[in-house]
$ cat input24.txt   # compact mmCIF, C-alpha atoms
# COMPACT_ATOMS: atom_id res chain seq x y z
CA MET I 122 22.48 3.00 -4.23
CA SER I 123 21.65 3.59 -0.58
CA ARG I 124 20.20 6.86 0.57
CA ASN I 125 22.57 8.41 3.01
CA ASN I 126 22.46 10.08 6.36
CA PHE I 127 24.73 12.96 5.50
CA SER I 128 23.13 16.37 5.68
CA ARG I 129 24.16 19.55 3.93
CA ARG I 130 24.46 21.16 7.36
CA LYS I 131 27.28 18.74 8.23
CA PHE I 132 29.29 20.14 5.36
CA LEU I 133 28.25 23.78 5.24
CA THR I 134 27.68 24.99 8.79
CA GLY I 135 29.96 27.83 9.73
CA ALA I 136 32.69 27.61 12.31
CA ALA I 137 33.53 31.27 11.60
CA ALA I 138 36.65 31.02 13.73
CA VAL I 139 39.08 31.74 10.96
CA GLY I 140 37.26 33.75 8.32
CA ALA I 141 37.67 33.42 4.60
CA ALA I 142 41.47 33.61 4.73
CA SER I 143 41.58 34.52 1.08
CA ALA I 144 44.82 36.50 1.28
CA MET I 145 47.49 34.50 -0.52
CA GLY I 146 50.84 33.69 1.03
CA VAL I 147 54.35 32.93 -0.23
CA GLY I 148 54.43 31.11 -3.56
CA THR I 149 51.02 32.30 -4.74
CA LEU I 150 49.91 34.73 -7.42
CA ALA I 151 48.51 38.22 -7.02
CA SER I 152 44.92 38.50 -8.21
CA CYS I 153 44.44 39.39 -11.85
CA SER I 154 40.78 40.30 -11.50
CA GLY I 155 41.26 43.90 -10.44
CA GLY I 156 41.08 45.23 -13.97
CA ALA I 157 38.06 43.22 -15.03
CA GLY I 158 35.10 45.04 -16.46
CA THR I 159 31.71 43.63 -17.44
CA SER I 160 31.64 40.00 -16.33
CA GLY I 161 31.44 37.36 -19.01
CA ALA I 162 32.56 39.54 -21.94
CA ALA I 163 35.97 38.48 -23.25
CA GLY I 164 36.91 41.97 -24.39
CA ALA I 165 36.21 43.42 -20.97
CA TYR I 166 39.11 41.72 -19.18
CA ASP I 167 42.27 43.80 -18.92
CA PHE I 168 45.52 41.89 -18.75
CA LYS I 169 47.43 42.30 -15.52
CA LYS I 170 50.89 40.88 -14.98
CA ARG I 171 51.12 38.67 -11.91
CA ASP I 172 53.92 38.10 -9.45
CA TYR I 173 54.95 34.52 -8.77
CA LYS I 174 58.12 33.59 -6.90
CA LEU I 175 59.85 30.32 -7.71
CA PRO I 176 63.36 29.26 -6.66
CA PRO I 177 66.07 28.74 -9.27
CA MET I 178 65.17 25.71 -11.41
CA LEU I 179 68.58 24.05 -11.08
CA GLU I 180 69.41 20.65 -12.55
CA THR I 181 70.79 19.56 -9.20
CA ALA I 182 70.73 21.06 -5.73
CA PRO I 183 73.87 22.94 -4.60
CA ASP I 184 76.33 21.23 -2.27
CA GLY I 185 76.38 21.92 1.44
CA PRO I 186 76.38 20.29 4.86
CA VAL I 187 74.51 17.01 5.11
CA LEU I 188 70.74 17.38 5.27
CA LYS I 189 69.01 14.50 7.05
CA ALA I 190 65.44 13.57 6.16
CA GLY I 191 62.83 11.48 7.92
CA ILE I 192 60.05 9.76 5.97
CA ILE I 193 56.55 9.65 7.46
CA GLY I 194 54.48 7.26 5.38
CA CYS I 195 56.51 4.48 3.74
CA GLY I 196 54.07 3.29 1.07
CA GLY I 197 54.43 3.80 -2.66
CA ARG I 198 54.57 7.60 -2.63
CA GLY I 199 56.72 7.78 0.49
CA SER I 200 59.17 5.30 -1.02
CA GLY I 201 59.25 7.28 -4.24
CA ALA I 202 59.75 10.57 -2.41
CA ALA I 203 62.64 9.11 -0.40
CA ILE I 204 64.45 8.14 -3.60
CA ASN I 205 63.58 11.47 -5.26
CA PHE I 206 65.08 13.32 -2.29
CA LEU I 207 68.32 11.36 -2.45
CA ASP I 208 68.53 12.03 -6.21
CA ALA I 209 68.17 15.79 -5.74
CA GLY I 210 71.82 16.57 -4.97
CA PRO I 211 74.90 15.84 -2.87
CA ASN I 212 75.10 15.26 0.89
CA LEU I 213 71.50 14.19 1.35
CA SER I 214 70.56 11.34 3.65
CA VAL I 215 67.49 9.51 4.93
CA VAL I 216 67.93 8.65 8.61
CA ALA I 217 64.45 7.79 9.97
CA LEU I 218 61.31 5.99 8.80
CA GLY I 219 57.79 5.87 10.20
CA ASP I 220 54.51 4.19 9.23
CA VAL I 221 51.54 2.53 10.89
CA PHE I 222 52.53 -0.79 9.30
CA GLN I 223 55.73 -2.70 10.00
CA ASP I 224 55.83 -4.23 6.51
CA ARG I 225 55.86 -0.77 4.92
CA VAL I 226 58.78 0.34 7.07
CA ASP I 227 60.67 -2.88 6.37
CA SER I 228 60.08 -2.55 2.63
CA LEU I 229 61.43 1.01 2.42
CA GLN I 230 64.34 0.20 4.71
CA GLU I 231 65.35 -2.60 2.33
CA LYS I 232 64.73 -0.48 -0.79
CA LEU I 233 67.00 2.31 0.44
CA LYS I 234 69.76 -0.15 1.25
CA ASN I 235 69.54 -2.04 -2.05
CA GLU I 236 69.01 0.91 -4.41
CA LYS I 237 70.91 3.73 -2.70
CA GLY I 238 73.26 2.09 -0.21
CA VAL I 239 71.52 4.01 2.58
CA GLU I 240 71.14 2.05 5.80
CA VAL I 241 68.52 3.34 8.20
CA PRO I 242 69.19 1.79 11.63
CA ASP I 243 66.43 -0.26 13.23
CA GLU I 244 66.32 2.11 16.19
CA ASN I 245 65.25 4.89 13.79
CA CYS I 246 62.38 2.87 12.30
CA PHE I 247 59.06 3.50 14.01
CA VAL I 248 55.62 1.89 13.74
CA GLY I 249 52.23 3.12 14.93
CA PHE I 250 49.99 6.15 14.85
CA ASP I 251 52.59 8.03 16.91
CA ALA I 252 55.47 7.11 14.57
CA PHE I 253 55.40 10.62 13.07
CA GLU I 254 56.37 12.16 16.40
CA LYS I 255 59.31 9.79 16.75
CA VAL I 256 60.57 10.50 13.23
CA ILE I 257 60.39 14.25 13.86
CA ASP I 258 62.42 13.77 17.06
CA ALA I 259 65.05 11.57 15.39
CA GLY I 260 67.52 14.36 14.62
CA VAL I 261 66.20 15.18 11.14
CA ASP I 262 66.44 18.49 9.28
CA ILE I 263 63.65 17.75 6.78
CA VAL I 264 60.41 15.84 7.20
CA ILE I 265 58.83 14.17 4.17
CA LEU I 266 55.09 13.66 4.66
CA ALA I 267 53.54 10.93 2.51
CA THR I 268 50.83 9.23 4.57
CA PRO I 269 47.20 9.09 3.44
CA PRO I 270 46.07 12.74 3.27
CA LYS I 271 43.79 12.67 6.32
CA PHE I 272 46.84 12.68 8.60
CA ARG I 273 48.73 15.42 6.73
CA ALA I 274 47.53 18.46 8.68
CA ASP I 275 48.46 16.99 12.08
CA HIS I 276 51.85 15.85 10.83
CA PHE I 277 52.61 19.19 9.15
CA GLU I 278 51.71 21.15 12.26
CA ALA I 279 53.91 18.91 14.41
CA ALA I 280 56.86 19.25 12.01
CA VAL I 281 56.57 23.04 11.91
CA LYS I 282 56.32 23.27 15.69
CA ALA I 283 59.54 21.24 15.84
CA ARG I 284 61.13 23.73 13.39
CA LYS I 285 61.69 21.25 10.57
CA HIS I 286 61.70 22.01 6.86
CA VAL I 287 58.94 20.07 5.11
CA PHE I 288 58.14 18.32 1.88
CA MET I 289 54.53 17.20 1.95
CA GLU I 290 52.55 15.42 -0.68
CA LYS I 291 49.29 16.74 -2.00
CA PRO I 292 46.55 16.96 -1.01
CA VAL I 293 47.31 18.67 2.27
CA ALA I 294 43.91 17.96 3.87
CA VAL I 295 40.56 16.27 3.24
CA ASP I 296 38.25 18.68 5.06
CA SER I 297 37.82 22.31 6.09
CA ALA I 298 39.26 21.82 9.57
CA GLY I 299 42.42 20.37 8.06
CA ILE I 300 42.73 23.23 5.57
CA ARG I 301 42.60 25.83 8.33
CA GLN I 302 45.14 23.83 10.34
CA VAL I 303 47.55 23.75 7.39
CA ILE I 304 47.17 27.48 6.69
CA ALA I 305 47.85 28.33 10.33
CA ALA I 306 50.92 26.07 10.38
CA ALA I 307 52.10 27.59 7.08
CA LYS I 308 52.05 31.06 8.63
CA MET I 309 53.99 29.70 11.59
CA ALA I 310 56.54 28.19 9.19
CA ASP I 311 56.97 31.59 7.52
CA SER I 312 57.64 33.25 10.85
CA GLN I 313 60.36 30.68 11.58
CA GLY I 314 62.02 30.90 8.16
CA LEU I 315 61.19 27.28 7.32
CA LYS I 316 61.05 26.09 3.71
CA VAL I 317 58.01 24.10 2.59
CA VAL I 318 57.46 22.40 -0.76
CA THR I 319 54.30 20.48 -1.66
CA GLY I 320 53.85 17.73 -4.20
CA THR I 321 52.13 19.88 -6.82
CA GLN I 322 54.73 18.77 -9.41
CA ARG I 323 53.58 21.10 -12.17
CA ARG I 324 54.80 24.19 -10.32
CA HIS I 325 58.21 22.51 -10.43
CA GLN I 326 58.02 21.26 -14.02
CA HIS I 327 60.07 23.23 -16.53
CA ASN I 328 57.58 23.28 -19.39
CA TYR I 329 54.74 24.38 -17.06
CA VAL I 330 56.89 27.13 -15.55
CA ASN I 331 58.00 28.27 -19.01
CA LEU I 332 54.42 28.27 -20.29
CA TRP I 333 53.30 30.30 -17.28
CA ASN I 334 56.08 32.82 -17.94
CA GLU I 335 54.91 33.20 -21.53
CA ILE I 336 51.30 33.67 -20.46
CA ASN I 337 52.44 36.18 -17.85
CA ASN I 338 54.13 38.13 -20.64
CA ASN I 339 50.70 38.57 -22.26
CA ALA I 340 51.12 35.85 -24.91
CA ILE I 341 47.44 34.83 -24.81
CA GLY I 342 45.96 38.04 -23.39
CA ASN I 343 43.82 37.73 -20.31
CA ILE I 344 42.45 34.28 -19.47
CA VAL I 345 38.67 34.36 -19.84
CA SER I 346 37.84 30.69 -19.24
CA ALA I 347 39.51 27.32 -18.80
CA ASN I 348 38.98 23.56 -18.85
CA VAL I 349 40.91 21.22 -16.55
CA TYR I 350 40.76 17.44 -16.80
CA TRP I 351 42.01 14.29 -15.10
CA ASN I 352 40.15 11.48 -16.79
CA GLY I 353 41.83 8.10 -16.39
CA GLY I 354 41.28 4.50 -15.49
CA LYS I 355 40.57 2.91 -12.16
CA LEU I 356 43.29 3.18 -9.54
CA TRP I 357 44.06 0.30 -7.23
CA HIS I 358 41.99 -1.17 -4.43
CA ARG I 359 42.61 -3.72 -1.70
CA ASP I 360 40.07 -6.42 -0.96
CA ASN I 361 39.52 -6.98 2.72
CA ASN I 362 41.71 -9.58 4.39
CA PRO I 363 40.11 -11.54 7.26
CA SER I 364 43.30 -11.01 9.30
CA TRP I 365 43.00 -7.21 9.07
CA SER I 366 41.03 -5.05 11.45
CA GLU I 367 38.58 -2.51 10.06
CA MET I 368 41.06 0.34 10.45
CA GLU I 369 43.88 -1.61 8.81
CA TRP I 370 41.76 -2.41 5.78
CA MET I 371 40.65 1.18 5.32
CA ILE I 372 44.21 2.53 5.55
CA ARG I 373 45.56 -0.12 3.18
CA ASP I 374 42.65 0.73 0.83
CA TRP I 375 42.87 4.46 1.52
CA VAL I 376 42.37 5.84 -2.02
CA ASN I 377 38.78 4.56 -1.89
CA TRP I 378 37.65 6.17 1.38
CA THR I 379 36.68 9.85 1.49
CA TRP I 380 37.84 10.47 5.06
CA LEU I 381 41.32 9.21 4.17
CA SER I 382 41.81 10.52 0.62
CA GLY I 383 39.25 13.30 0.18
CA ASP I 384 37.85 11.46 -2.88
CA HIS I 385 39.77 11.54 -6.15
CA ILE I 386 38.74 15.11 -7.04
CA VAL I 387 40.81 16.12 -4.00
CA GLU I 388 43.48 13.42 -4.00
CA GLN I 389 44.34 13.46 -7.72
CA HIS I 390 42.48 16.16 -9.64
CA VAL I 391 43.85 18.81 -7.26
CA HIS I 392 46.87 18.88 -9.60
CA ASN I 393 44.80 20.38 -12.41
CA LEU I 394 42.80 22.64 -10.12
CA ASP I 395 46.07 23.96 -8.72
CA VAL I 396 47.28 24.76 -12.25
CA ALA I 397 44.07 26.75 -12.79
CA SER I 398 44.61 28.75 -9.60
CA TRP I 399 48.26 29.33 -10.53
CA PHE I 400 47.66 30.42 -14.13
CA ILE I 401 44.51 32.47 -13.49
CA GLY I 402 45.95 34.03 -10.35
CA GLU I 403 43.03 33.53 -7.99
CA HIS I 404 40.58 30.89 -6.81
CA PRO I 405 36.90 30.54 -7.78
CA VAL I 406 34.28 31.79 -5.34
CA LYS I 407 31.64 29.12 -5.87
CA ALA I 408 30.95 25.81 -7.54
CA VAL I 409 28.03 23.81 -8.91
CA GLY I 410 28.65 20.24 -9.92
CA PHE I 411 27.64 16.63 -10.04
CA GLY I 412 29.19 13.21 -9.90
CA SER I 413 28.33 9.59 -9.30
CA ARG I 414 29.61 6.15 -8.41
CA GLN I 415 29.41 3.75 -11.33
CA ARG I 416 32.02 1.01 -10.97
CA ARG I 417 34.05 1.55 -7.79
CA VAL I 418 34.23 -1.72 -5.85
CA THR I 419 35.34 -0.63 -2.36
CA GLY I 420 35.02 2.43 -0.15
CA ASP I 421 32.42 5.21 -0.19
CA GLN I 422 33.64 7.57 -2.94
CA TYR I 423 32.45 8.62 -6.36
CA ASP I 424 34.37 7.66 -9.48
CA ASN I 425 33.46 10.71 -11.61
CA PHE I 426 32.91 14.46 -11.12
CA SER I 427 31.98 17.39 -13.36
CA ILE I 428 32.20 20.81 -11.73
CA ASP I 429 31.48 24.33 -12.97
CA TYR I 430 33.70 26.73 -11.01
CA ILE I 431 32.69 30.40 -11.06
CA TYR I 432 35.04 33.31 -10.35
CA GLU I 433 34.18 36.63 -8.73
CA ASP I 434 34.20 38.48 -12.06
CA GLY I 435 31.99 35.90 -13.78
CA ARG I 436 34.62 33.74 -15.46
CA HIS I 437 34.11 29.97 -15.51
CA VAL I 438 36.42 26.95 -15.31
CA HIS I 439 35.04 23.55 -16.19
CA SER I 440 36.59 20.73 -14.17
CA MET I 441 36.16 17.06 -15.03
CA CYS I 442 37.72 13.96 -13.47
CA ARG I 443 37.01 10.26 -13.75
CA GLN I 444 38.55 6.96 -12.62
CA ILE I 445 36.75 4.36 -14.77
CA ASN I 446 38.32 1.84 -17.13
CA GLY I 447 37.37 1.72 -20.80
CA CYS I 448 36.57 5.42 -21.19
CA ALA I 449 38.13 8.34 -23.09
CA ASN I 450 41.13 9.53 -21.08
CA GLY I 451 43.04 12.79 -20.84
CA VAL I 452 45.01 14.70 -18.23
CA TYR I 453 45.49 18.31 -19.32
CA GLU I 454 44.43 21.94 -19.05
CA ILE I 455 43.19 24.48 -21.62
CA PHE I 456 43.26 28.24 -20.99
CA HIS I 457 41.27 30.43 -23.36
CA GLY I 458 42.71 33.92 -23.68
CA THR I 459 41.61 37.06 -25.44
CA LYS I 460 44.51 36.62 -27.93
CA ALA I 461 45.30 32.89 -28.07
CA ILE I 462 44.87 29.53 -26.31
CA ALA I 463 47.30 27.69 -24.01
CA ILE I 464 47.11 23.88 -23.97
CA THR I 465 48.96 21.33 -21.83
CA SER I 466 48.45 17.91 -23.40
CA GLY I 467 50.47 14.86 -24.29
CA GLY I 468 53.61 16.21 -22.70
CA LYS I 469 53.53 19.27 -24.97
CA ASN I 470 52.71 22.63 -23.43
CA GLN I 471 51.97 25.12 -26.18
CA ILE I 472 50.15 28.23 -27.27
CA VAL I 473 48.00 28.07 -30.40
CA ASP I 474 45.81 30.46 -32.33
CA ALA I 475 42.10 29.96 -33.00
CA ALA I 476 42.88 27.76 -35.99
CA GLY I 477 45.18 25.50 -33.97
CA ASN I 478 48.46 26.83 -35.41
CA GLN I 479 51.28 26.61 -32.89
CA LEU I 480 52.61 29.99 -31.75
CA PHE I 481 54.84 28.80 -28.92
CA GLU I 482 56.03 25.54 -27.34
CA ALA I 483 57.34 25.55 -23.78
CA GLN I 484 60.62 23.74 -23.34
CA GLY I 485 60.96 21.00 -20.74
CA SER I 486 63.80 19.28 -18.94
CA GLU I 487 65.10 15.76 -18.51
CA THR I 488 64.81 16.23 -14.75
CA SER I 489 61.68 14.58 -13.36
CA PRO I 490 59.34 17.04 -11.62
CA TYR I 491 59.26 14.55 -8.73
CA VAL I 492 62.99 15.14 -8.28
CA GLN I 493 62.80 18.85 -9.15
CA GLU I 494 60.53 19.44 -6.17
CA HIS I 495 63.29 18.21 -3.86
CA ILE I 496 66.00 20.07 -5.79
CA ASN I 497 64.03 23.26 -5.22
CA LEU I 498 63.52 22.51 -1.51
CA VAL I 499 67.18 21.76 -0.89
CA THR I 500 68.24 24.79 -2.94
CA CYS I 501 66.03 27.08 -0.85
CA ILE I 502 67.37 25.62 2.39
CA ARG I 503 71.02 25.85 1.41
CA GLN I 504 70.75 29.29 -0.19
CA ASN I 505 68.26 30.56 2.41
CA ILE I 506 65.66 31.53 -0.20
CA PRO I 507 62.22 32.14 1.35
CA PHE I 508 59.82 29.58 -0.06
CA ASN I 509 56.61 28.09 1.32
CA GLU I 510 53.92 26.55 -0.91
CA ALA I 511 51.68 25.26 1.88
CA GLU I 512 49.09 28.02 1.87
CA ALA I 513 48.77 28.17 -1.91
CA THR I 514 48.29 24.40 -2.06
CA ALA I 515 45.77 24.55 0.79
CA GLU I 516 43.72 27.07 -1.20
CA SER I 517 43.74 24.87 -4.31
CA ASN I 518 42.89 21.93 -2.06
CA LEU I 519 39.87 23.81 -0.70
CA VAL I 520 38.70 24.47 -4.28
CA ALA I 521 38.69 20.69 -4.79
CA ILE I 522 36.79 20.14 -1.54
CA MET I 523 34.25 22.78 -2.65
CA GLY I 524 33.65 20.83 -5.86
CA ARG I 525 33.33 17.54 -4.00
CA VAL I 526 30.75 18.93 -1.58
CA SER I 527 28.73 20.47 -4.41
CA ALA I 528 28.62 17.13 -6.22
CA TYR I 529 27.78 15.19 -3.06
CA THR I 530 24.94 17.55 -2.07
CA GLY I 531 23.77 18.77 -5.48
CA LYS I 532 23.93 22.32 -4.14
CA GLU I 533 25.82 25.47 -5.05
CA VAL I 534 28.70 25.77 -2.59
CA THR I 535 30.90 28.81 -1.97
CA TYR I 536 34.58 29.04 -1.13
CA ASP I 537 33.81 31.08 1.98
CA GLU I 538 31.34 28.45 3.19
CA MET I 539 34.04 25.82 2.85
CA MET I 540 36.70 27.91 4.56
CA ASN I 541 34.38 28.52 7.51
CA SER I 542 32.77 25.08 7.64
CA ASP I 543 33.11 22.84 10.70
CA MET I 544 33.55 19.85 8.37
CA LYS I 545 35.92 17.29 9.89
CA LEU I 546 35.83 13.84 8.35
CA GLY I 547 36.70 10.48 9.84
CA PRO I 548 36.80 8.86 13.25
CA THR I 549 37.68 10.96 16.26
CA THR I 550 40.33 8.51 17.49
CA TYR I 551 42.81 6.34 15.65
CA ILE I 552 43.21 2.77 16.82
CA MET I 553 44.29 -0.26 14.85
CA GLY I 554 41.07 -2.14 15.47
CA ASP I 555 37.38 -2.29 14.62
CA ILE I 556 35.89 1.16 15.02
CA GLY I 557 32.37 0.75 13.62
CA TYR I 558 32.98 3.16 10.75
CA ILE I 559 32.32 1.01 7.69
CA GLU I 560 28.85 -0.07 8.81
CA THR I 561 27.69 3.55 8.87
CA ALA I 562 29.54 4.72 5.75
CA GLN I 563 27.21 5.72 2.92
CA VAL I 564 27.71 6.80 -0.68
CA PRO I 565 26.42 10.42 -0.92
CA VAL I 566 23.12 10.95 -2.77
CA PRO I 567 22.71 14.46 -4.27
CA GLY I 568 19.56 16.30 -3.24
CA THR I 569 19.17 14.21 -0.10
CA LEU I 570 19.69 16.42 2.92
CA GLU I 571 18.58 13.89 5.53
CA ARG I 572 18.20 10.13 5.54

$ encode --input "input24.txt" --output "structure tokens"
Amino acid sequence: MSRNNFSRRKFLTGAAAVGAASAMGVGTLASCSGGAGTSGAAGAYDFKKRDYKLPPMLETAPDGPVLKAGIIGCGGRGSGAAINFLDAGPNLSVVALGDVFQDRVDSLQEKLKNEKGVEVPDENCFVGFDAFEKVIDAGVDIVILATPPKFRADHFEAAVKARKHVFMEKPVAVDSAGIRQVIAAAKMADSQGLKVVTGTQRRHQHNYVNLWNEINNNAIGNIVSANVYWNGGKLWHRDNNPSWSEMEWMIRDWVNWTWLSGDHIVEQHVHNLDVASWFIGEHPVKAVGFGSRQRRVTGDQYDNFSIDYIYEDGRHVHSMCRQINGCANGVYEIFHGTKAIAITSGGKNQIVDAAGNQLFEAQGSETSPYVQEHINLVTCIRQNIPFNEAEATAESNLVAIMGRVSAYTGKEVTYDEMMNSDMKLGPTTYIMGDIGYIETAQVPVPGTLER
């Protein structure tokens, strides 16, 4: 493995322009740490009920005037989100498409016509790095953001400035600069009465919501520690094609490049870290972790992480994620309470006692959480229910970035350092050509501050 030229200063230096921004916005939980006593002792934590606002979990969105959506990012997730939106209720339409690649736009245009009978006119199909601006200006009410995560903050800010409601996929950013940009745009969205839903899924999944309600009614006592896991096999990769430019290859192979995806602790494991923030009611204040690259074949990312997250009152959450074939897999969370244990595993969300006897099982729904997210967004728009998840998701996203930086550097990293960092990943300009990025990209080596 090559030694790298990335210094801890690059990731930890303070911009100090925004501050810690730890106050939580709409859709987040009030802190439950106020009643904590001696840190680390399970009996010292006093249970405190938390406030969490969620729209009605309807099986389908209510009827109303036609809502027109534009899709920015027409790959696999954008295509899925377009169909999920159309399945959410009556009088919903997709009227504009945008992507940096023509083949992606063409593919989704054909998919919508064949599967949903929705014809998006050619004049509303846009290609290029500026396609997002054209989609936003195409007479849409809702913007669906599903590009590689690096572009999310810019696209979200532009949509909010244009006064559009937003569905945006997680993660919402890959670096500290992007997180601050999203939080600022989220506050702007609140001031304009815009509705924003993010692709956290579990906050829109019936059995997760029902389990949270039970925990919030003191079913397990106060949470004293937790474990959150996303251990699975390798995702996809794209081998380079001689006809592609450097930028085209990286974007088509985006889940393997840190500047585009944030690494998989940010891109994928953020789901579990967001559940921890939601259930515990606050974010950790520091992290110490490690990771490595064992079998990844393209890009500059790790393929495994193990992070110890520490909370202000001394509680710990162990986070583990891996994308390697042939290993033990599991995607779930465990919350250890003073009275019982909550487990989300194998599609069954339950509460058990110390001996493993089931005390409660949270009921689910036949509605996919991918569709439920859009049902909730449309419901909030049509019933004018205030709802904006962007800031809460940005905070969970920053927790994931904090873990990534700790693993990359081998250092203890704090939430405040990350919120104030001048970290901004990736090239400064976007052109569909050779930009000299790959030749300087290095896999991070912990404990190496300079080359």

$ closest_atom_pairs --input "input24.txt" --of "stretch 266-370 of chain I" --to "stretch 244-253 of chain I" --cutoff "12 Å" --atoms "only C-alpha atoms" --output "CSV"
residue,atom,partner,partner_atom,distance
I:Leu266,CA,I:Phe253,CA,8.9
I:Ala267,CA,I:Phe253,CA,10.7
I:Thr268,CA,I:Phe253,CA,9.8
I:Phe272,CA,I:Phe250,CA,9.6
I:Arg273,CA,I:Phe253,CA,10.4
I:Ala274,CA,I:Phe253,CA,11.9
I:Asp275,CA,I:Phe253,CA,9.5
I:His276,CA,I:Phe253,CA,6.7
I:Phe277,CA,I:Phe253,CA,9.8
I:Glu278,CA,I:Phe253,CA,11.2
I:Ala279,CA,I:Phe253,CA,8.5
I:Ala280,CA,I:Phe253,CA,8.8
I:Ala283,CA,I:Phe253,CA,11.7
I:Met368,CA,I:Phe250,CA,11.5
I:Glu369,CA,I:Gly249,CA,11.4

$ residues_around --input "input24.txt" --residues "stretch 412-416 of chain I" --least-positions-apart "5" --cutoff "10 Å" --atoms "all atoms listed in the file" --output "PyMOL selection string"
chain I and resi 122+355+421-428+441-446+524-525+527-531+564-567

$ closest_atom_pairs --input "input24.txt" --of "stretch 514-556 of chain I" --to "stretch 402-409 of chain I" --cutoff "12 Å" --atoms "all atoms listed in the file" --output "Markdown table"
| residue | atom | partner | partner_atom | distance |
| --- | --- | --- | --- | --- |
| I:Thr514 | CA | I:His404 | CA | 11.1 |
| I:Ala515 | CA | I:His404 | CA | 11.2 |
| I:Glu516 | CA | I:His404 | CA | 7.5 |
| I:Ser517 | CA | I:His404 | CA | 7.2 |
| I:Asn518 | CA | I:His404 | CA | 10.4 |
| I:Leu519 | CA | I:His404 | CA | 9.4 |
| I:Val520 | CA | I:His404 | CA | 7.2 |
| I:Ala521 | CA | I:Ala408 | CA | 9.7 |
| I:Ile522 | CA | I:Ala408 | CA | 10.1 |
| I:Met523 | CA | I:Ala408 | CA | 6.6 |
| I:Gly524 | CA | I:Ala408 | CA | 5.9 |
| I:Arg525 | CA | I:Ala408 | CA | 9.3 |
| I:Val526 | CA | I:Ala408 | CA | 9.1 |
| I:Ser527 | CA | I:Val409 | CA | 5.6 |
| I:Ala528 | CA | I:Val409 | CA | 7.2 |
| I:Tyr529 | CA | I:Val409 | CA | 10.4 |
| I:Thr530 | CA | I:Val409 | CA | 9.8 |
| I:Gly531 | CA | I:Val409 | CA | 7.4 |
| I:Lys532 | CA | I:Val409 | CA | 6.5 |
| I:Glu533 | CA | I:Val409 | CA | 4.7 |
| I:Val534 | CA | I:Ala408 | CA | 5.4 |
| I:Thr535 | CA | I:Lys407 | CA | 4.0 |
| I:Tyr536 | CA | I:Val406 | CA | 5.0 |
| I:Asp537 | CA | I:Val406 | CA | 7.4 |
| I:Glu538 | CA | I:Lys407 | CA | 9.1 |
| I:Met539 | CA | I:Lys407 | CA | 9.6 |
| I:Met540 | CA | I:Val406 | CA | 10.9 |

$ atom_distance --input "input24.txt" --atom1 "atom CA of I:Lys291" --atom2 "atom CA of I:Val492"
15.2 Å

$ atom_distance --input "input24.txt" --atom1 "atom CA of I:Asn509" --atom2 "atom CA of I:Ala397"
18.9 Å

$ atom_distance --input "input24.txt" --atom1 "atom CA of I:Glu367" --atom2 "atom CA of I:Asp220"
17.3 Å

$ closest_residue --input "input24.txt" --among "I:Thr419, I:Ile462, I:Ser489, I:Asn334" --to "I:Lys174" --atoms "all atoms listed in the file"
I:Asn334

$ residues_near_point --input "input24.txt" --point "(45.4, 16.7, -9.8)" --cutoff "12 Å" --atoms "all atoms listed in the file" --output "ChimeraX atom specification"
/I:290-292,320-323,349-353,384-397,440-443,451-454,514,517-518,520-521

$ residues_around --input "input24.txt" --residues "stretch 260-264 of chain I" --least-positions-apart "2" --cutoff "9 Å" --atoms "all atoms listed in the file" --output "PyMOL selection string"
chain I and resi 188-193+215-217+256-258+266+277+280+284-289

$ write_last_selection --input "input24.txt" --atoms "C-alpha atoms" --output "compact mmCIF listing (two decimals), in the frame of the given file"
# COMPACT_ATOMS: atom_id res chain seq x y z
CA LEU I 188 70.74 17.38 5.27
CA LYS I 189 69.01 14.50 7.05
CA ALA I 190 65.44 13.57 6.16
CA GLY I 191 62.83 11.48 7.92
CA ILE I 192 60.05 9.76 5.97
CA ILE I 193 56.55 9.65 7.46
CA VAL I 215 67.49 9.51 4.93
CA VAL I 216 67.93 8.65 8.61
CA ALA I 217 64.45 7.79 9.97
CA VAL I 256 60.57 10.50 13.23
CA ILE I 257 60.39 14.25 13.86
CA ASP I 258 62.42 13.77 17.06
CA LEU I 266 55.09 13.66 4.66
CA PHE I 277 52.61 19.19 9.15
CA ALA I 280 56.86 19.25 12.01
CA ARG I 284 61.13 23.73 13.39
CA LYS I 285 61.69 21.25 10.57
CA HIS I 286 61.70 22.01 6.86
CA VAL I 287 58.94 20.07 5.11
CA PHE I 288 58.14 18.32 1.88
CA MET I 289 54.53 17.20 1.95

$ closest_residue --input "input24.txt" --among "I:Glu240, I:Asn348, I:Leu207, I:Gln326" --to "I:Gly468" --atoms "all atoms listed in the file"
I:Gln326

$ residues_around --input "input24.txt" --residues "I:Ala298" --least-positions-apart "2" --cutoff "8 Å" --atoms "only C-alpha atoms" --output "list in words"
Asp296, Ile300, Arg301, Gln302, Ser542, Asp543, Met544 and Lys545 of chain I

$ closest_residue --input "input24.txt" --among "I:Ala202, I:Ser228, I:Arg171, I:Cys501" --to "I:Asn343" --atoms "only C-alpha atoms"
I:Arg171

$ closest_residue --input "input24.txt" --among "I:Ile559, I:Ala461, I:Ile496, I:Ala476" --to "I:Asn361" --atoms "only C-alpha atoms"
I:Ile559

$ closest_residue --input "input24.txt" --among "I:Leu546, I:Tyr491, I:Ile344, I:Val473" --to "I:Val295" --atoms "only C-alpha atoms"
I:Leu546
